[in-house]
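With PDB, C-alpha atoms and all ligand atoms inside, this is run.pdb:
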ATOM      1  CA  MET A1188       0.000   0.000   0.000
ATOM      2  CA  MET A1189       1.273   3.452  -0.885
ATOM      3  CA  VAL A1190       1.506   5.870   2.004
ATOM      4  CA  PRO A1191       0.688   9.395   0.808
ATOM      5  CA  ARG A1192       3.781  11.519   0.648
ATOM      6  CA  PHE A1193       2.269  14.389   2.621
ATOM      7  CA  PHE A1194       1.621  11.946   5.443
ATOM      8  CA  VAL A1195       5.278  10.922   5.549
ATOM      9  CA  GLU A1196       6.325  14.565   5.515
ATOM     10  CA  PHE A1197       3.858  15.370   8.256
ATOM     11  CA  VAL A1198       5.210  12.593  10.475
ATOM     12  CA  ILE A1199       8.813  13.711   9.935
ATOM     13  CA  ILE A1200       8.087  17.362  10.622
ATOM     14  CA  PHE A1201       5.886  16.522  13.593
ATOM     15  CA  SER A1202       8.637  14.320  15.067
ATOM     16  CA  ILE A1203      11.223  17.060  14.709
ATOM     17  CA  PHE A1204       9.119  19.544  16.634
ATOM     18  CA  TRP A1205       7.712  17.107  19.139
ATOM     19  CA  TRP A1206      10.916  15.335  20.121
ATOM     20  CA  PRO A1207      12.868  18.140  21.845
ATOM     21  CA  THR A1208       9.980  19.260  24.045
ATOM     22  CA  HIS A1209       9.409  15.691  25.144
ATOM     23  CA  GLY A1210      12.910  15.640  26.555
ATOM     24  CA  ARG A1211      15.571  13.015  26.556
ATOM     25  CA  ILE A1212      16.766  10.376  28.958
ATOM     26  CA  LEU A1213      20.551  10.559  29.060
ATOM     27  CA  THR A1214      22.777   7.592  29.780
ATOM     28  CA  ASN A1215      25.400   7.969  32.500
ATOM     29  CA  CYS A1216      28.090   8.247  29.839
ATOM     30  CA  GLU A1217      26.219  10.902  27.849
ATOM     31  CA  ALA A1218      25.806  12.925  31.042
ATOM     32  CA  ALA A1219      29.477  12.446  31.943
ATOM     33  CA  LYS A1220      30.495  13.660  28.488
ATOM     34  CA  GLU A1221      28.403  16.825  28.803
ATOM     35  CA  LEU A1222      29.841  17.533  32.258
ATOM     36  CA  GLN A1223      33.378  17.047  31.002
ATOM     37  CA  LYS A1224      32.701  19.337  28.041
ATOM     38  CA  ALA A1225      31.486  21.995  30.483
ATOM     39  CA  GLY A1226      34.765  21.813  32.415
ATOM     40  CA  ILE A1227      33.555  19.996  35.531
ATOM     41  CA  PRO A1228      36.615  18.538  37.322
ATOM     42  CA  LYS A1229      37.038  14.816  36.614
ATOM     43  CA  THR A1230      37.005  13.839  40.290
ATOM     44  CA  PHE A1231      33.470  15.180  40.732
ATOM     45  CA  ILE A1232      31.871  13.816  37.584
ATOM     46  CA  SER A1233      30.608  10.574  39.124
ATOM     47  CA  ASN A1234      29.043  12.588  41.951
ATOM     48  CA  TRP A1235      27.261  14.792  39.435
ATOM     49  CA  VAL A1236      26.095  11.808  37.388
ATOM     50  CA  CYS A1237      24.717  10.156  40.529
ATOM     51  CA  LEU A1238      23.007  13.412  41.496
ATOM     52  CA  MET A1239      21.385  13.832  38.083
ATOM     53  CA  ARG A1240      20.135  10.262  38.037
ATOM     54  CA  SER A1241      18.707  10.461  41.549
ATOM     55  CA  GLU A1242      17.069  13.863  41.022
ATOM     56  CA  SER A1243      15.508  13.426  37.586
ATOM     57  CA  GLY A1244      16.191   9.901  36.358
ATOM     58  CA  MET A1245      18.267  11.738  33.715
ATOM     59  CA  ASN A1246      15.097  13.206  32.184
ATOM     60  CA  THR A1247      16.103  16.556  30.678
ATOM     61  CA  SER A1248      12.528  17.875  30.647
ATOM     62  CA  LEU A1249      11.305  16.808  34.080
ATOM     63  CA  MET A1250       9.337  19.458  35.947
ATOM     64  CA  LYS A1251       7.918  18.834  39.418
ATOM     65  CA  GLY A1252       5.711  20.851  41.700
ATOM     66  CA  PRO A1253       4.220  22.805  43.219
ATOM     67  CA  GLY A1254       6.290  22.325  46.369
ATOM     68  CA  THR A1255       7.271  24.718  49.179
ATOM     69  CA  SER A1256       5.860  28.250  48.541
ATOM     70  CA  SER A1257       4.434  27.122  45.166
ATOM     71  CA  SER A1258       7.934  26.472  43.865
ATOM     72  CA  PHE A1259       8.682  24.102  41.010
ATOM     73  CA  THR A1260      11.812  22.151  40.168
ATOM     74  CA  TYR A1261      13.236  22.023  36.671
ATOM     75  CA  GLY A1262      15.230  19.774  34.428
ATOM     76  CA  ILE A1263      17.905  17.151  34.813
ATOM     77  CA  PHE A1264      19.287  18.826  37.978
ATOM     78  CA  GLN A1265      15.823  19.724  39.335
ATOM     79  CA  ILE A1266      16.824  23.338  39.917
ATOM     80  CA  SER A1267      14.215  25.022  42.116
ATOM     81  CA  SER A1268      12.317  28.267  41.564
ATOM     82  CA  LEU A1269      12.044  28.661  45.372
ATOM     83  CA  ASN A1270      12.308  32.343  46.395
ATOM     84  CA  ASN A1271      13.410  33.119  42.803
ATOM     85  CA  LYS A1272      16.877  32.336  44.121
ATOM     86  CA  TYR A1273      18.516  30.680  41.124
ATOM     87  CA  CYS A1274      15.947  31.170  38.350
ATOM     88  CA  ILE A1275      12.553  32.812  37.931
ATOM     89  CA  ARG A1276       9.426  31.319  36.374
ATOM     90  CA  GLY A1277       8.504  33.039  33.144
ATOM     91  CA  ARG A1278      11.342  35.553  33.005
ATOM     92  CA  LYS A1279      15.105  35.710  33.375
ATOM     93  CA  GLY A1280      16.515  36.276  36.853
ATOM     94  CA  GLY A1281      18.046  34.893  40.012
ATOM     95  CA  VAL A1282      21.680  34.008  40.629
ATOM     96  CA  CYS A1283      21.810  32.115  37.320
ATOM     97  CA  ASN A1284      19.950  34.884  35.464
ATOM     98  CA  LYS A1285      17.738  32.284  33.808
ATOM     99  CA  LYS A1286      14.108  31.628  33.116
ATOM    100  CA  CYS A1287      13.445  28.338  34.977
ATOM    101  CA  GLU A1288      11.667  26.909  31.928
ATOM    102  CA  ASP A1289      14.946  27.180  30.008
ATOM    103  CA  PHE A1290      16.181  24.212  32.049
ATOM    104  CA  LEU A1291      13.617  21.906  30.420
ATOM    105  CA  ASN A1292      15.084  21.574  26.931
ATOM    106  CA  ASP A1293      17.572  18.888  26.010
ATOM    107  CA  ASP A1294      20.525  21.274  25.835
ATOM    108  CA  ILE A1295      21.875  20.823  29.359
ATOM    109  CA  SER A1296      24.919  23.103  29.066
ATOM    110  CA  ASP A1297      23.071  26.024  30.716
ATOM    111  CA  ASP A1298      21.724  23.663  33.388
ATOM    112  CA  ILE A1299      25.295  22.588  34.199
ATOM    113  CA  ILE A1300      26.486  26.196  34.539
ATOM    114  CA  CYS A1301      23.662  26.986  36.965
ATOM    115  CA  ALA A1302      24.064  23.730  38.918
ATOM    116  CA  SER A1303      27.781  24.523  39.343
ATOM    117  CA  LYS A1304      26.875  27.915  40.810
ATOM    118  CA  ILE A1305      24.455  26.240  43.222
ATOM    119  CA  GLU A1306      27.100  23.697  44.220
ATOM    120  CA  LYS A1307      29.653  26.457  44.847
ATOM    121  CA  ALA A1308      27.190  28.360  47.042
ATOM    122  CA  GLU A1309      25.527  25.500  48.901
ATOM    123  CA  GLY A1310      27.411  22.282  48.182
ATOM    124  CA  PHE A1311      25.979  19.024  46.889
ATOM    125  CA  LYS A1312      23.734  18.939  49.964
ATOM    126  CA  TYR A1313      21.388  21.345  48.146
ATOM    127  CA  TRP A1314      20.083  18.227  46.390
ATOM    128  CA  LYS A1315      17.989  15.775  48.467
ATOM    129  CA  GLY A1316      18.611  13.144  45.809
ATOM    130  CA  TRP A1317      22.340  13.458  46.326
ATOM    131  CA  LEU A1318      21.994  13.263  50.131
ATOM    132  CA  ASN A1319      19.775  10.187  49.935
ATOM    133  CA  LYS A1320      21.350   8.225  47.132
ATOM    134  CA  CYS A1321      24.908   9.453  46.527
ATOM    135  CA  LYS A1322      26.509  10.790  49.700
ATOM    136  CA  SER A1323      28.836   8.112  51.157
ATOM    137  CA  LYS A1324      27.449   5.592  48.660
ATOM    138  CA  PRO A1325      29.023   3.774  45.709
ATOM    139  CA  LEU A1326      29.048   6.145  42.738
ATOM    140  CA  PRO A1327      28.567   5.245  39.068
ATOM    141  CA  ASP A1328      31.721   4.282  37.247
ATOM    142  CA  VAL A1329      32.097   6.645  34.320
ATOM    143  CA  ALA A1330      35.861   6.392  33.993
ATOM    144  CA  ASN A1331      35.647   4.066  30.997
ATOM    145  CA  CYS A1332      33.013   5.941  29.042
ATOM    146  CA  LYS A1333      35.351   6.868  26.219
ATOM    147  CA  ARG A1334      36.662   3.425  25.449
ATOM    148  CA  ARG A1335      34.253   0.727  24.279
ATOM    149  CA  ARG A1336      31.458   3.150  24.772
ATOM    150  CA  ARG A1337      28.464   0.876  24.353
ATOM    151  CA  ARG A1338      29.451  -1.794  26.804
ATOM    152  CA  ASP A1339      30.510   0.721  29.438
ATOM    153  CA  THR A1340      27.278   2.635  29.066
ATOM    154  CA  ILE A1341      25.386  -0.536  29.874
ATOM    155  CA  ASN A1342      27.737  -1.412  32.742
ATOM    156  CA  SER A1343      27.489   1.962  34.416
ATOM    157  CA  ASP A1344      23.704   1.869  34.138
ATOM    158  CA  ILE A1345      23.651  -1.470  35.906
ATOM    159  CA  ILE A1346      25.811  -0.154  38.736
ATOM    160  CA  LEU A1347      23.169   2.390  39.686
TER     161      LEU A1347
HETATM  162  C1  LIG B1401      10.275  13.276  31.232
HETATM  163  O1  LIG B1401       9.552  14.189  31.982
HETATM  164  C2  LIG B1401       8.468  14.772  31.291
HETATM  165  C3  LIG B1401       7.877  15.860  32.171
HETATM  166  O2  LIG B1401       7.515  15.364  33.432
HETATM  167  C4  LIG B1401       7.471  13.695  30.914
HETATM  168  O3  LIG B1401       6.388  14.253  30.213
HETATM  169  C5  LIG B1401       8.167  12.671  30.063
HETATM  170  O4  LIG B1401       7.291  11.605  29.775
HETATM  171  C6  LIG B1401       9.410  12.142  30.761
HETATM  172  N1  LIG B1401      10.132  11.293  29.805
HETATM  173  C7  LIG B1401      10.311  10.005  30.013
HETATM  174  C8  LIG B1401      10.964   9.272  28.902
HETATM  175  O5  LIG B1401       9.987   9.447  31.045
END

Spell out the structure here as C-alpha cells.
Ligand SMILES: *[C@@H]1O[C@H](CO)[C@@H](O)[C@H](O)[C@H]1NC(C)=O
Amino acid sequence: MMVPRFFVEFVIIFSIFWWPTHGRILTNCEAAKELQKAGIPKTFISNWVCLMRSESGMNTSLMKGPGTSSSFTYGIFQISSLNNKYCIRGRKGGVCNKKCEDFLNDDISDDIICASKIEKAEGFKYWKGWLNKCKSKPLPDVANCKRRRRRDTINSDIIL
C-alpha cells in the first residue's frame, strides 16, 4: 500500500518539533560527556552523574511541583524556583539569570552552569537526591566511558 507523501512529511516534521519538548533520557556516559565538556573537574563527575540520576532519572525535561511556597523544580538537575533564588518562572533572573523553563530543553549546558553555581554556594547537599542516594554511597563508574562506549554505558547503568 502506498503511504501518501504528505503523510510521511507530516510525520517527519511533527517528530522534529515534538521530540525536543518531550525531553531526553541521558545515559550515565552521555551525562558524563556533557559535564566534562562543560569543564567539571574529573574527580566530581561521578558525583554529578549520581546526582542527576537520583534527582531526575536523567530526564532533561522533568518538571515537578508545586512544592514549598508554590515552587517548582526544573530539568535534569531539578533546579528550584524557590524564592526566585537561582531562576525565575517566566522571566530571566536569580543568581543564574535564567528563566526556569529554560532548564527543560535537552541542551543541558546552561543547566550545568547553573548547577555549578548552586554547588559552589551550597554544596551538593542542596540536592535531596544526592543526600539520599549518593553521599557516602558507591558512585557510578564513568571512567571508561570513552573506550568501548556501548558496553561501558550498559555497565554503568547497571551499577546504579
Ligand atoms: C520526562 O519528563 C516529562 C515531564 O515530566 C514527561 O512528560 C516525560 O514523559 C518524561 N520522559 C520520560 C521518557 O519518562

* Could you spell out the hits of the PyMOL selection byres (((chain A and resi 1295-1310) around 7) and not hetatm) on the shown file, as a ChimeraX atom specification? -> /A:1225,1264,1283,1290,1293-1294,1311-1313

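Pairwise distance (CA of Glu1217 (chain A), CA of Lys1315 (chain A)) equals 22.7 Å.
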
* Quick one: which residues end up in the PyMOL selection byres (((chain A and resi 1234) around 9) and not hetatm) for this structure, as a PyMOL selection string? -> chain A and resi 1230-1233+1235-1239+1311+1317+1321-1322+1326-1327

* Residues near region 1247-1263 of chain A, cut-off 8 Å, all atoms listed in the file, skip fewer than 6 positions along chain, as number ranges by chain -> A: 1208-1213, 1239-1240, 1269-1270, 1287-1288, 1290-1293, 1295, 1298

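The spacing separating CA of Ile1227 (chain A) from CA of Ser1268 (chain A) amounts to 23.6 Å.
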
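The space between CA of Tyr1273 (chain A) and CA of Lys1286 (chain A) spans 9.2 Å.
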
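Each of A:Gly1226, A:Gly1244, A:Pro1191, A:Glu1196 was checked against ligand LIG 1401 (chain B) using only C-alpha atoms and all ligand atoms; the smallest atom-to-atom distance is that of A:Gly1244.
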
As JSON: centre and edge lengths in Å, one decimal, of the axis-aligned box holding region 1227-1233 of chain A with 4 Å per side:
{"center_x": 33.8, "center_y": 15.3, "center_z": 38.1, "size_x": 14.4, "size_y": 17.4, "size_z": 13.2}

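Shortest atom-to-atom contact with Ser1243 (chain A) among A:Pro1325, A:Ser1267, A:Lys1285, A:Gly1316: A:Gly1316, counting only C-alpha atoms.
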